[in-house]
Amino acid sequence: LSTSATVTAFGGSGGQGSGPGFFGGNGTVPYVSSVTASSTTTAAVQTNADAYVHGGAGGFGENGAHGGNGAPISLSNLPSASIPSGALYLSQSAYGGDAGGSNGGTPGTAGNASSSLSLNSSHYLGISAESFGGFGGNSRNTNASPGAAATASANVTGGSRAIVTVAANPANDSAAPLPSAGGNVLDGTGAGGAGGNGTASATVSAGYVPATITARGGNGGQSVSADGPTGGTATASASASAASDPLILTVQSAGGNGGPASGTGFHAGNGAL
């Protein structure tokens, strides 16, 4: 037997602005209060509650207008479940909105993403907390803007088993191929945006604990007639204990690549740890 509840929400994107002194519209934050799955049967069941929340992108600024800001997304314990027995799986993913670019103005600010889950339960548990920082605004004839930060965390106390995945900017998500990446200079001259930072952490205690914690920094964007920007840093940490063998703990991080540069005398940006 199984029961599930899933919510996927998208914020609206800002419209384009045009002309000096004007702005592209800001992206919006969708409203989601909670996601709850419940079951009353005493038979062994699998219960899933999943939340995927995407911030809206900022609008482009044309003809000297400034770009709009991407919407930041911060999620804390959005999914929950009520069950008498069986396995419980909670998943929460936050996607920051991309910054609006600009032609001759200032690109917008990319939306930060934060996802945190805390749970104390005697059930068999599967927990996933993910975050994806927004992409920096691309530019023409001006500097691009940096990528946004991504933060993910979990604090889990389980029963016989707790499978935990925490990831800031996971590389294998097709919906966000370039999370936290800095914006690129597409035409004219200017500096690319620096990559955003990724931070992931977890504290886990259960009978049997397989846990994977991953952080990835965003890549720097492309510069034209300017030095390339730096990549974003990546920080991953974990503390885990298992009442019985095995304890399988994987902690991995990868800093972003420095951005490329073009033009005589200019240098590519430094990669990050």
# chains A, B, ... in the order shown; residues from 1 in each chain; ligands from 1
call {"tool": "residues_around", "arguments": {"residues": "region 179-192 of chain A", "least_positions_apart": "3", "cutoff": "7 Å", "atoms": "only C-alpha atoms", "output": "PDB file with all heavy atoms, in the first residue's frame"}}
result
ATOM      1  N   PHE A 132      18.849  24.936  -5.264  1.00  0.00           N
ATOM      2  CA  PHE A 132      19.456  25.304  -6.536  1.00  0.00           C
ATOM      3  C   PHE A 132      19.476  26.829  -6.632  1.00  0.00           C
ATOM      4  O   PHE A 132      18.426  27.471  -6.725  1.00  0.00           O
ATOM      5  CB  PHE A 132      18.655  24.737  -7.715  1.00  0.00           C
ATOM      6  CG  PHE A 132      18.485  23.239  -7.685  1.00  0.00           C
ATOM      7  CD1 PHE A 132      17.507  22.655  -6.900  1.00  0.00           C
ATOM      8  CD2 PHE A 132      19.308  22.419  -8.432  1.00  0.00           C
ATOM      9  CE1 PHE A 132      17.335  21.273  -6.864  1.00  0.00           C
ATOM     10  CE2 PHE A 132      19.155  21.034  -8.398  1.00  0.00           C
ATOM     11  CZ  PHE A 132      18.170  20.462  -7.612  1.00  0.00           C
ATOM     12  N   GLY A 133      20.671  27.419  -6.580  1.00  0.00           N
ATOM     13  CA  GLY A 133      20.768  28.864  -6.659  1.00  0.00           C
ATOM     14  C   GLY A 133      20.434  29.386  -8.043  1.00  0.00           C
ATOM     15  O   GLY A 133      20.662  28.723  -9.055  1.00  0.00           O
ATOM     16  N   GLY A 134      19.881  30.598  -8.105  1.00  0.00           N
ATOM     17  CA  GLY A 134      19.530  31.204  -9.384  1.00  0.00           C
ATOM     18  C   GLY A 134      20.757  31.583 -10.203  1.00  0.00           C
ATOM     19  O   GLY A 134      21.845  31.821  -9.680  1.00  0.00           O
ATOM     20  N   PHE A 135      20.545  31.660 -11.498  1.00  0.00           N
ATOM     21  CA  PHE A 135      21.598  32.003 -12.468  1.00  0.00           C
ATOM     22  C   PHE A 135      21.744  33.521 -12.520  1.00  0.00           C
ATOM     23  O   PHE A 135      20.760  34.251 -12.520  1.00  0.00           O
ATOM     24  CB  PHE A 135      21.179  31.451 -13.828  1.00  0.00           C
ATOM     25  CG  PHE A 135      22.230  31.557 -14.908  1.00  0.00           C
ATOM     26  CD1 PHE A 135      23.125  30.530 -15.119  1.00  0.00           C
ATOM     27  CD2 PHE A 135      22.289  32.673 -15.723  1.00  0.00           C
ATOM     28  CE1 PHE A 135      24.073  30.614 -16.131  1.00  0.00           C
ATOM     29  CE2 PHE A 135      23.226  32.763 -16.737  1.00  0.00           C
ATOM     30  CZ  PHE A 135      24.136  31.736 -16.937  1.00  0.00           C
ATOM     31  N   GLY A 136      22.994  33.998 -12.564  1.00  0.00           N
ATOM     32  CA  GLY A 136      23.232  35.431 -12.689  1.00  0.00           C
ATOM     33  C   GLY A 136      22.750  35.963 -14.029  1.00  0.00           C
ATOM     34  O   GLY A 136      22.647  35.234 -15.010  1.00  0.00           O
ATOM     35  N   GLY A 137      22.461  37.255 -14.081  1.00  0.00           N
ATOM     36  CA  GLY A 137      21.922  37.867 -15.292  1.00  0.00           C
ATOM     37  C   GLY A 137      22.975  38.064 -16.370  1.00  0.00           C
ATOM     38  O   GLY A 137      24.058  38.590 -16.109  1.00  0.00           O
ATOM     39  N   ASN A 138      22.660  37.620 -17.587  1.00  0.00           N
ATOM     40  CA  ASN A 138      23.541  37.876 -18.730  1.00  0.00           C
ATOM     41  C   ASN A 138      23.487  39.353 -19.110  1.00  0.00           C
ATOM     42  O   ASN A 138      22.527  40.063 -18.797  1.00  0.00           O
ATOM     43  CB  ASN A 138      23.124  37.023 -19.930  1.00  0.00           C
ATOM     44  CG  ASN A 138      23.351  35.549 -19.706  1.00  0.00           C
ATOM     45  OD1 ASN A 138      24.263  35.153 -18.985  1.00  0.00           O
ATOM     46  ND2 ASN A 138      22.524  34.711 -20.316  1.00  0.00           N
ATOM     47  N   SER A 139      24.513  39.815 -19.808  1.00  0.00           N
ATOM     48  CA  SER A 139      24.566  41.242 -20.105  1.00  0.00           C
ATOM     49  C   SER A 139      25.061  41.504 -21.520  1.00  0.00           C
ATOM     50  O   SER A 139      25.734  40.675 -22.143  1.00  0.00           O
ATOM     51  CB  SER A 139      25.489  41.959 -19.111  1.00  0.00           C
ATOM     52  OG  SER A 139      26.842  41.596 -19.342  1.00  0.00           O
ATOM     53  N   ARG A 140      24.719  42.710 -21.989  1.00  0.00           N
ATOM     54  CA  ARG A 140      25.279  43.268 -23.217  1.00  0.00           C
ATOM     55  C   ARG A 140      25.756  44.680 -22.885  1.00  0.00           C
ATOM     56  O   ARG A 140      25.003  45.486 -22.335  1.00  0.00           O
ATOM     57  CB  ARG A 140      24.241  43.301 -24.341  1.00  0.00           C
ATOM     58  CG  ARG A 140      23.797  41.929 -24.829  1.00  0.00           C
ATOM     59  CD  ARG A 140      22.755  42.026 -25.951  1.00  0.00           C
ATOM     60  NE  ARG A 140      22.498  40.740 -26.572  1.00  0.00           N
ATOM     61  CZ  ARG A 140      21.613  39.850 -26.120  1.00  0.00           C
ATOM     62  NH1 ARG A 140      20.893  40.135 -25.046  1.00  0.00           N
ATOM     63  NH2 ARG A 140      21.439  38.697 -26.735  1.00  0.00           N
ATOM     64  N   ASN A 141      27.035  44.937 -23.190  1.00  0.00           N
ATOM     65  CA  ASN A 141      27.612  46.265 -22.968  1.00  0.00           C
ATOM     66  C   ASN A 141      27.621  46.696 -21.507  1.00  0.00           C
ATOM     67  O   ASN A 141      27.551  47.889 -21.197  1.00  0.00           O
ATOM     68  CB  ASN A 141      26.841  47.314 -23.801  1.00  0.00           C
ATOM     69  CG  ASN A 141      26.781  46.938 -25.270  1.00  0.00           C
ATOM     70  OD1 ASN A 141      27.812  46.783 -25.916  1.00  0.00           O
ATOM     71  ND2 ASN A 141      25.572  46.760 -25.787  1.00  0.00           N
ATOM     72  N   THR A 142      27.711  45.740 -20.606  1.00  0.00           N
ATOM     73  CA  THR A 142      27.787  46.019 -19.175  1.00  0.00           C
ATOM     74  C   THR A 142      28.226  44.749 -18.456  1.00  0.00           C
ATOM     75  O   THR A 142      28.306  43.673 -19.066  1.00  0.00           O
ATOM     76  CB  THR A 142      26.421  46.494 -18.638  1.00  0.00           C
ATOM     77  OG1 THR A 142      26.567  46.950 -17.288  1.00  0.00           O
ATOM     78  CG2 THR A 142      25.386  45.371 -18.673  1.00  0.00           C
ATOM     79  N   ASN A 143      28.530  44.855 -17.172  1.00  0.00           N
ATOM     80  CA  ASN A 143      28.917  43.680 -16.397  1.00  0.00           C
ATOM     81  C   ASN A 143      27.716  42.780 -16.131  1.00  0.00           C
ATOM     82  O   ASN A 143      26.595  43.262 -15.936  1.00  0.00           O
ATOM     83  CB  ASN A 143      29.526  44.090 -15.060  1.00  0.00           C
ATOM     84  CG  ASN A 143      30.831  44.848 -15.208  1.00  0.00           C
ATOM     85  OD1 ASN A 143      31.531  44.699 -16.205  1.00  0.00           O
ATOM     86  ND2 ASN A 143      31.162  45.667 -14.221  1.00  0.00           N
ATOM     87  N   ALA A 144      27.966  41.474 -16.112  1.00  0.00           N
ATOM     88  CA  ALA A 144      26.931  40.509 -15.731  1.00  0.00           C
ATOM     89  C   ALA A 144      26.838  40.427 -14.211  1.00  0.00           C
ATOM     90  O   ALA A 144      27.705  40.929 -13.489  1.00  0.00           O
ATOM     91  CB  ALA A 144      27.243  39.146 -16.334  1.00  0.00           C
ATOM     92  N   SER A 145      25.794  39.788 -13.692  1.00  0.00           N
ATOM     93  CA  SER A 145      25.632  39.687 -12.233  1.00  0.00           C
ATOM     94  C   SER A 145      25.989  38.283 -11.736  1.00  0.00           C
ATOM     95  O   SER A 145      25.962  37.308 -12.495  1.00  0.00           O
ATOM     96  CB  SER A 145      24.209  40.062 -11.820  1.00  0.00           C
ATOM     97  OG  SER A 145      23.252  39.182 -12.368  1.00  0.00           O
ATOM     98  N   PRO A 146      26.334  38.176 -10.452  1.00  0.00           N
ATOM     99  CA  PRO A 146      26.764  36.891  -9.896  1.00  0.00           C
ATOM    100  C   PRO A 146      25.628  35.883  -9.781  1.00  0.00           C
ATOM    101  O   PRO A 146      24.447  36.246  -9.720  1.00  0.00           O
ATOM    102  CB  PRO A 146      27.283  37.263  -8.496  1.00  0.00           C
ATOM    103  CG  PRO A 146      27.372  38.737  -8.461  1.00  0.00           C
ATOM    104  CD  PRO A 146      26.418  39.265  -9.475  1.00  0.00           C
ATOM    105  N   GLY A 147      26.017  34.610  -9.698  1.00  0.00           N
ATOM    106  CA  GLY A 147      25.062  33.573  -9.366  1.00  0.00           C
ATOM    107  C   GLY A 147      24.694  33.638  -7.893  1.00  0.00           C
ATOM    108  O   GLY A 147      25.415  34.214  -7.065  1.00  0.00           O
ATOM    109  N   ALA A 148      23.558  33.051  -7.538  1.00  0.00           N
ATOM    110  CA  ALA A 148      23.062  33.105  -6.163  1.00  0.00           C
ATOM    111  C   ALA A 148      23.594  31.939  -5.334  1.00  0.00           C
ATOM    112  O   ALA A 148      24.096  30.938  -5.858  1.00  0.00           O
ATOM    113  CB  ALA A 148      21.535  33.096  -6.160  1.00  0.00           C
ATOM    114  N   ALA A 149      23.457  32.069  -4.036  1.00  0.00           N
ATOM    115  CA  ALA A 149      23.882  31.019  -3.113  1.00  0.00           C
ATOM    116  C   ALA A 149      22.819  29.937  -2.990  1.00  0.00           C
ATOM    117  O   ALA A 149      21.622  30.192  -3.125  1.00  0.00           O
ATOM    118  CB  ALA A 149      24.174  31.614  -1.736  1.00  0.00           C
ATOM    119  N   ASN A 169      23.018  22.532  -5.052  1.00  0.00           N
ATOM    120  CA  ASN A 169      23.409  22.527  -6.473  1.00  0.00           C
ATOM    121  C   ASN A 169      23.870  21.158  -6.965  1.00  0.00           C
ATOM    122  O   ASN A 169      24.965  21.012  -7.500  1.00  0.00           O
ATOM    123  CB  ASN A 169      24.520  23.558  -6.739  1.00  0.00           C
ATOM    124  CG  ASN A 169      24.069  24.980  -6.554  1.00  0.00           C
ATOM    125  OD1 ASN A 169      22.897  25.291  -6.740  1.00  0.00           O
ATOM    126  ND2 ASN A 169      24.991  25.853  -6.166  1.00  0.00           N
ATOM    127  N   ALA A 176      17.829  22.131 -13.591  1.00  0.00           N
ATOM    128  CA  ALA A 176      18.694  23.264 -13.271  1.00  0.00           C
ATOM    129  C   ALA A 176      20.117  22.935 -13.691  1.00  0.00           C
ATOM    130  O   ALA A 176      20.970  22.619 -12.871  1.00  0.00           O
ATOM    131  CB  ALA A 176      18.634  23.562 -11.783  1.00  0.00           C
ATOM    132  N   GLY A 195      30.560  32.942  -9.667  1.00  0.00           N
ATOM    133  CA  GLY A 195      29.688  31.829  -9.289  1.00  0.00           C
ATOM    134  C   GLY A 195      29.212  31.955  -7.857  1.00  0.00           C
ATOM    135  O   GLY A 195      29.920  32.483  -6.993  1.00  0.00           O
ATOM    136  N   GLY A 196      28.000  31.484  -7.582  1.00  0.00           N
ATOM    137  CA  GLY A 196      27.458  31.496  -6.228  1.00  0.00           C
ATOM    138  C   GLY A 196      27.973  30.334  -5.404  1.00  0.00           C
ATOM    139  O   GLY A 196      28.423  29.304  -5.941  1.00  0.00           O
ATOM    140  N   GLY A 217      29.739  24.561  -5.982  1.00  0.00           N
ATOM    141  CA  GLY A 217      29.737  25.992  -6.280  1.00  0.00           C
ATOM    142  C   GLY A 217      29.419  26.241  -7.735  1.00  0.00           C
ATOM    143  O   GLY A 217      29.686  25.407  -8.611  1.00  0.00           O
ATOM    144  N   GLY A 218      28.838  27.395  -8.027  1.00  0.00           N
ATOM    145  CA  GLY A 218      28.508  27.741  -9.407  1.00  0.00           C
ATOM    146  C   GLY A 218      29.737  28.183 -10.191  1.00  0.00           C
ATOM    147  O   GLY A 218      30.712  28.685  -9.624  1.00  0.00           O
ATOM    148  N   ASN A 219      29.687  27.999 -11.497  1.00  0.00           N
ATOM    149  CA  ASN A 219      30.779  28.436 -12.364  1.00  0.00           C
ATOM    150  C   ASN A 219      30.716  29.939 -12.610  1.00  0.00           C
ATOM    151  O   ASN A 219      29.636  30.534 -12.648  1.00  0.00           O
ATOM    152  CB  ASN A 219      30.711  27.714 -13.710  1.00  0.00           C
ATOM    153  CG  ASN A 219      30.940  26.225 -13.598  1.00  0.00           C
ATOM    154  OD1 ASN A 219      31.620  25.761 -12.688  1.00  0.00           O
ATOM    155  ND2 ASN A 219      30.372  25.460 -14.511  1.00  0.00           N
ATOM    156  N   GLY A 220      31.890  30.546 -12.778  1.00  0.00           N
ATOM    157  CA  GLY A 220      31.928  31.950 -13.156  1.00  0.00           C
ATOM    158  C   GLY A 220      31.497  32.138 -14.597  1.00  0.00           C
ATOM    159  O   GLY A 220      31.646  31.250 -15.441  1.00  0.00           O
ATOM    160  N   GLY A 221      30.936  33.301 -14.906  1.00  0.00           N
ATOM    161  CA  GLY A 221      30.480  33.597 -16.260  1.00  0.00           C
ATOM    162  C   GLY A 221      31.605  34.118 -17.147  1.00  0.00           C
ATOM    163  O   GLY A 221      32.740  34.325 -16.712  1.00  0.00           O
ATOM    164  N   GLN A 222      31.275  34.344 -18.393  1.00  0.00           N
ATOM    165  CA  GLN A 222      32.260  34.769 -19.390  1.00  0.00           C
ATOM    166  C   GLN A 222      32.431  36.285 -19.380  1.00  0.00           C
ATOM    167  O   GLN A 222      31.461  37.041 -19.356  1.00  0.00           O
ATOM    168  CB  GLN A 222      31.815  34.323 -20.779  1.00  0.00           C
ATOM    169  CG  GLN A 222      32.734  34.804 -21.904  1.00  0.00           C
ATOM    170  CD  GLN A 222      32.319  34.261 -23.245  1.00  0.00           C
ATOM    171  OE1 GLN A 222      32.259  33.050 -23.431  1.00  0.00           O
ATOM    172  NE2 GLN A 222      32.022  35.151 -24.184  1.00  0.00           N
ATOM    173  N   SER A 223      33.722  36.720 -19.421  1.00  0.00           N
ATOM    174  CA  SER A 223      34.061  38.134 -19.502  1.00  0.00           C
ATOM    175  C   SER A 223      34.579  38.477 -20.894  1.00  0.00           C
ATOM    176  O   SER A 223      35.170  37.636 -21.581  1.00  0.00           O
ATOM    177  CB  SER A 223      35.143  38.496 -18.472  1.00  0.00           C
ATOM    178  OG  SER A 223      34.698  38.319 -17.157  1.00  0.00           O
ATOM    179  N   VAL A 224      34.374  39.716 -21.309  1.00  0.00           N
ATOM    180  CA  VAL A 224      34.913  40.226 -22.569  1.00  0.00           C
ATOM    181  C   VAL A 224      35.668  41.513 -22.267  1.00  0.00           C
ATOM    182  O   VAL A 224      35.104  42.463 -21.696  1.00  0.00           O
ATOM    183  CB  VAL A 224      33.799  40.498 -23.599  1.00  0.00           C
ATOM    184  CG1 VAL A 224      34.389  41.057 -24.887  1.00  0.00           C
ATOM    185  CG2 VAL A 224      33.015  39.226 -23.893  1.00  0.00           C
ATOM    186  N   SER A 225      36.968  41.532 -22.613  1.00  0.00           N
ATOM    187  CA  SER A 225      37.856  42.662 -22.306  1.00  0.00           C
ATOM    188  C   SER A 225      37.860  42.970 -20.814  1.00  0.00           C
ATOM    189  O   SER A 225      37.861  44.128 -20.382  1.00  0.00           O
ATOM    190  CB  SER A 225      37.455  43.905 -23.113  1.00  0.00           C
ATOM    191  OG  SER A 225      37.629  43.670 -24.493  1.00  0.00           O
ATOM    192  N   ALA A 226      37.858  41.919 -20.020  1.00  0.00           N
ATOM    193  CA  ALA A 226      37.928  42.011 -18.563  1.00  0.00           C
ATOM    194  C   ALA A 226      38.395  40.659 -18.033  1.00  0.00           C
ATOM    195  O   ALA A 226      38.237  39.632 -18.712  1.00  0.00           O
ATOM    196  CB  ALA A 226      36.572  42.382 -17.963  1.00  0.00           C
ATOM    197  N   ASP A 227      38.982  40.648 -16.844  1.00  0.00           N
ATOM    198  CA  ASP A 227      39.385  39.389 -16.246  1.00  0.00           C
ATOM    199  C   ASP A 227      38.158  38.535 -15.905  1.00  0.00           C
ATOM    200  O   ASP A 227      37.092  39.059 -15.561  1.00  0.00           O
ATOM    201  CB  ASP A 227      40.187  39.639 -14.963  1.00  0.00           C
ATOM    202  CG  ASP A 227      41.572  40.210 -15.231  1.00  0.00           C
ATOM    203  OD1 ASP A 227      42.120  39.956 -16.316  1.00  0.00           O
ATOM    204  OD2 ASP A 227      42.100  40.908 -14.344  1.00  0.00           O
ATOM    205  N   GLY A 228      38.339  37.220 -16.002  1.00  0.00           N
ATOM    206  CA  GLY A 228      37.249  36.314 -15.682  1.00  0.00           C
ATOM    207  C   GLY A 228      36.949  36.290 -14.195  1.00  0.00           C
ATOM    208  O   GLY A 228      37.838  36.503 -13.361  1.00  0.00           O
ATOM    209  N   PRO A 229      35.701  36.044 -13.808  1.00  0.00           N
ATOM    210  CA  PRO A 229      35.322  35.993 -12.389  1.00  0.00           C
ATOM    211  C   PRO A 229      35.681  34.650 -11.755  1.00  0.00           C
ATOM    212  O   PRO A 229      35.988  33.669 -12.439  1.00  0.00           O
ATOM    213  CB  PRO A 229      33.806  36.175 -12.439  1.00  0.00           C
ATOM    214  CG  PRO A 229      33.426  35.518 -13.737  1.00  0.00           C
ATOM    215  CD  PRO A 229      34.548  35.824 -14.697  1.00  0.00           C
TER     216      PRO A 229
END
call {"tool": "residues_around", "arguments": {"residues": "region 58-63 of chain A", "least_positions_apart": "2", "cutoff": "10 Å", "atoms": "only C-alpha atoms", "output": "PyMOL selection string"}}
result
chain A and resi 12-28+55-56+65-71+97-111+137-140
call {"tool": "write_last_selection", "arguments": {"atoms": "C-alpha atoms", "output": "short mmCIF file (atom, residue, chain, number, x, y, z; two decimals), in the first residue's frame"}}
result
data_model
loop_
_atom_site.label_atom_id
_atom_site.label_comp_id
_atom_site.auth_asym_id
_atom_site.auth_seq_id
_atom_site.Cartn_x
_atom_site.Cartn_y
_atom_site.Cartn_z
CA GLY A 12 5.80 34.27 -12.20
CA SER A 13 8.61 35.83 -14.23
CA GLY A 14 9.06 39.59 -14.48
CA GLY A 15 8.36 41.40 -17.74
CA GLN A 16 10.92 43.25 -19.84
CA GLY A 17 11.80 46.88 -19.15
CA SER A 18 13.16 49.33 -21.72
CA GLY A 19 14.97 52.66 -21.50
CA PRO A 20 17.34 54.35 -19.03
CA GLY A 21 15.93 54.59 -15.51
CA PHE A 22 13.49 51.73 -15.99
CA PHE A 23 13.60 48.14 -14.77
CA GLY A 24 12.63 44.66 -15.78
CA GLY A 25 10.04 43.20 -13.41
CA ASN A 26 11.06 41.13 -10.41
CA GLY A 27 10.23 37.44 -10.26
CA THR A 28 7.64 36.39 -7.70
CA GLY A 55 11.19 31.24 -7.82
CA GLY A 56 10.25 33.43 -10.77
CA ALA A 65 17.06 49.54 -18.44
CA HIS A 66 18.09 47.48 -15.43
CA GLY A 67 17.29 43.79 -15.08
CA GLY A 68 14.74 42.49 -12.57
CA ASN A 69 15.62 40.35 -9.58
CA GLY A 70 15.09 36.62 -9.41
CA ALA A 71 12.87 35.50 -6.52
CA GLY A 97 14.85 32.52 -9.60
CA ASP A 98 17.31 33.58 -12.32
CA ALA A 99 18.36 37.21 -12.49
CA GLY A 100 17.16 39.37 -15.35
CA GLY A 101 19.94 40.46 -17.70
CA SER A 102 20.53 43.92 -19.13
CA ASN A 103 21.69 45.70 -22.25
CA GLY A 104 23.52 48.79 -21.02
CA GLY A 105 22.01 48.89 -17.51
CA THR A 106 22.63 46.76 -14.43
CA PRO A 107 21.52 43.11 -14.40
CA GLY A 108 19.27 42.01 -11.56
CA THR A 109 20.16 39.94 -8.52
CA ALA A 110 19.76 36.16 -8.70
CA GLY A 111 17.54 34.49 -6.08
CA GLY A 137 21.92 37.87 -15.29
CA ASN A 138 23.54 37.88 -18.73
CA SER A 139 24.57 41.24 -20.10
CA ARG A 140 25.28 43.27 -23.22
#
call {"tool": "closest_atom_pairs", "arguments": {"of": "region 76-175 of chain A", "to": "region 251-269 of chain A", "cutoff": "10 Å", "atoms": "only C-alpha atoms", "output": "Markdown table"}}
result
| residue | atom | partner | partner_atom | distance |
| --- | --- | --- | --- | --- |
| A:Val166 | CA | A:Val251 | CA | 9.6 |
| A:Ala167 | CA | A:Gln252 | CA | 9.6 |
| A:Ala168 | CA | A:Ser253 | CA | 9.4 |
| A:Pro170 | CA | A:Ser253 | CA | 9.9 |
| A:Ala171 | CA | A:Ala254 | CA | 9.9 |
call {"tool": "write_last_selection", "arguments": {"atoms": "N, CA, C and O atoms", "output": "mmCIF file, in the first residue's frame"}}
result
data_model
loop_
_atom_site.group_PDB
_atom_site.id
_atom_site.type_symbol
_atom_site.label_atom_id
_atom_site.label_comp_id
_atom_site.auth_asym_id
_atom_site.auth_seq_id
_atom_site.Cartn_x
_atom_site.Cartn_y
_atom_site.Cartn_z
ATOM 1 N N VAL A 166 21.250 15.213 1.153
ATOM 2 C CA VAL A 166 21.257 16.670 1.250
ATOM 3 C C VAL A 166 22.176 17.197 0.156
ATOM 4 O O VAL A 166 23.328 16.760 0.051
ATOM 5 N N ALA A 167 21.677 18.125 -0.654
ATOM 6 C CA ALA A 167 22.479 18.592 -1.785
ATOM 7 C C ALA A 167 22.217 20.065 -2.072
ATOM 8 O O ALA A 167 21.073 20.491 -2.183
ATOM 9 N N ALA A 168 23.306 20.820 -2.199
ATOM 10 C CA ALA A 168 23.252 22.195 -2.677
ATOM 11 C C ALA A 168 23.841 22.216 -4.080
ATOM 12 O O ALA A 168 25.007 21.880 -4.274
ATOM 13 N N PRO A 170 23.051 20.120 -6.789
ATOM 14 C CA PRO A 170 23.448 18.816 -7.341
ATOM 15 C C PRO A 170 23.616 18.897 -8.848
ATOM 16 O O PRO A 170 22.816 19.518 -9.546
ATOM 17 N N ALA A 171 24.666 18.271 -9.345
ATOM 18 C CA ALA A 171 25.043 18.434 -10.754
ATOM 19 C C ALA A 171 24.157 17.653 -11.700
ATOM 20 O O ALA A 171 24.142 17.927 -12.900
#
call {"tool": "residues_around", "arguments": {"residues": "Asn48 (chain A)", "least_positions_apart": "6", "cutoff": "6 Å", "atoms": "only C-alpha atoms", "output": "PyMOL selection string"}}
result
chain A and resi 4+89-90
call {"tool": "residues_around", "arguments": {"residues": "Ile83 (chain A)", "least_positions_apart": "3", "cutoff": "7 Å", "atoms": "only C-alpha atoms", "output": "CSV table (one decimal) with N, CA and C atoms, in the first residue's frame"}}
result
chain,number,residue,atom,x,y,z
A,38,SER,N,-1.2,11.6,4.6
A,38,SER,CA,-1.6,10.9,5.8
A,38,SER,C,-2.2,9.6,5.4
A,39,SER,N,-2.1,8.7,6.4
A,39,SER,CA,-2.7,7.3,6.2
A,39,SER,C,-3.2,6.9,7.6
A,40,THR,N,-4.3,6.2,7.6
A,40,THR,CA,-4.8,5.7,8.9
A,40,THR,C,-4.7,4.2,9.0
call {"tool": "atom_distance", "arguments": {"atom1": "CA of Gly193 (chain A)", "atom2": "CA of Asn112 (chain A)"}}
result
14.8 Å
call {"tool": "residues_around", "arguments": {"residues": "region 238-250 of chain A", "least_positions_apart": "5", "cutoff": "8 Å", "atoms": "only C-alpha atoms", "output": "ChimeraX atom specification"}}
result
/A:201-213
call {"tool": "write_last_selection", "arguments": {"atoms": "C-alpha atoms", "output": "PDB file, in the first residue's frame"}}
result
ATOM      1  CA  SER A 201      25.110  19.981   6.006  1.00  0.00           C
ATOM      2  CA  ALA A 202      23.404  17.176   7.910  1.00  0.00           C
ATOM      3  CA  THR A 203      23.073  15.664  11.374  1.00  0.00           C
ATOM      4  CA  VAL A 204      21.668  12.119  11.350  1.00  0.00           C
ATOM      5  CA  SER A 205      21.028   9.446  13.975  1.00  0.00           C
ATOM      6  CA  ALA A 206      19.257   6.105  13.417  1.00  0.00           C
ATOM      7  CA  GLY A 207      19.711   2.362  13.561  1.00  0.00           C
ATOM      8  CA  TYR A 208      21.108   2.146  10.033  1.00  0.00           C
ATOM      9  CA  VAL A 209      22.309   5.316   8.308  1.00  0.00           C
ATOM     10  CA  PRO A 210      23.207   5.719   4.646  1.00  0.00           C
ATOM     11  CA  ALA A 211      23.645   9.474   4.070  1.00  0.00           C
ATOM     12  CA  THR A 212      24.998  11.512   1.164  1.00  0.00           C
ATOM     13  CA  ILE A 213      25.824  15.218   1.502  1.00  0.00           C
TER      14      ILE A 213
END
call {"tool": "closest_atom_pairs", "arguments": {"of": "region 24-100 of chain A", "to": "region 116-128 of chain A", "cutoff": "9 Å", "atoms": "only C-alpha atoms", "output": "tab-separated table"}}
result
residue	atom	partner	partner_atom	distance
A:Ser74	CA	A:Ser116	CA	8.4
A:Leu75	CA	A:Ser116	CA	6.3
A:Ser76	CA	A:Ser116	CA	4.9
A:Asn77	CA	A:Leu117	CA	4.9
A:Leu78	CA	A:Leu117	CA	8.0
A:Pro79	CA	A:Leu117	CA	8.7
A:Ile83	CA	A:His123	CA	8.9
A:Pro84	CA	A:His123	CA	8.9
A:Ser85	CA	A:His123	CA	6.8
A:Gly86	CA	A:His123	CA	6.4
A:Ala87	CA	A:Tyr124	CA	4.7
A:Leu88	CA	A:Leu125	CA	5.0
A:Tyr89	CA	A:Gly126	CA	4.4
A:Leu90	CA	A:Ile127	CA	5.0
A:Ser91	CA	A:Ser128	CA	4.6
A:Gln92	CA	A:Ser128	CA	6.2
A:Ser93	CA	A:Ser128	CA	8.1
call {"tool": "atom_distance", "arguments": {"atom1": "CA of Gln46 (chain A)", "atom2": "CA of Gly158 (chain A)"}}
result
15.5 Å
call {"tool": "atom_distance", "arguments": {"atom1": "CA of Ala150 (chain A)", "atom2": "CA of Ser80 (chain A)"}}
result
22.5 Å
call {"tool": "select_by_dssp", "arguments": {"residues": "region 21-255 of chain A", "states": "strand (DSSP E or B)", "output": "PyMOL selection string"}}
result
chain A and resi 23+35-38+46-54+61-62+66+73-76+79-82+87-95+102-103+113-120+124-132+139-140+150-157+161-168+185-187+190+198-206+208-216+223-224+234-242+247-254
call {"tool": "closest_residue", "arguments": {"among": "A:Pro72, A:Gly271, A:Gly159, A:Gly96", "to": "Gly231 (chain A)", "atoms": "only C-alpha atoms"}}
result
A:Gly271
call {"tool": "closest_residue", "arguments": {"among": "A:Val7, A:Ala234, A:Ala152, A:Ala129", "to": "Ala272 (chain A)", "atoms": "only C-alpha atoms"}}
result
A:Ala234
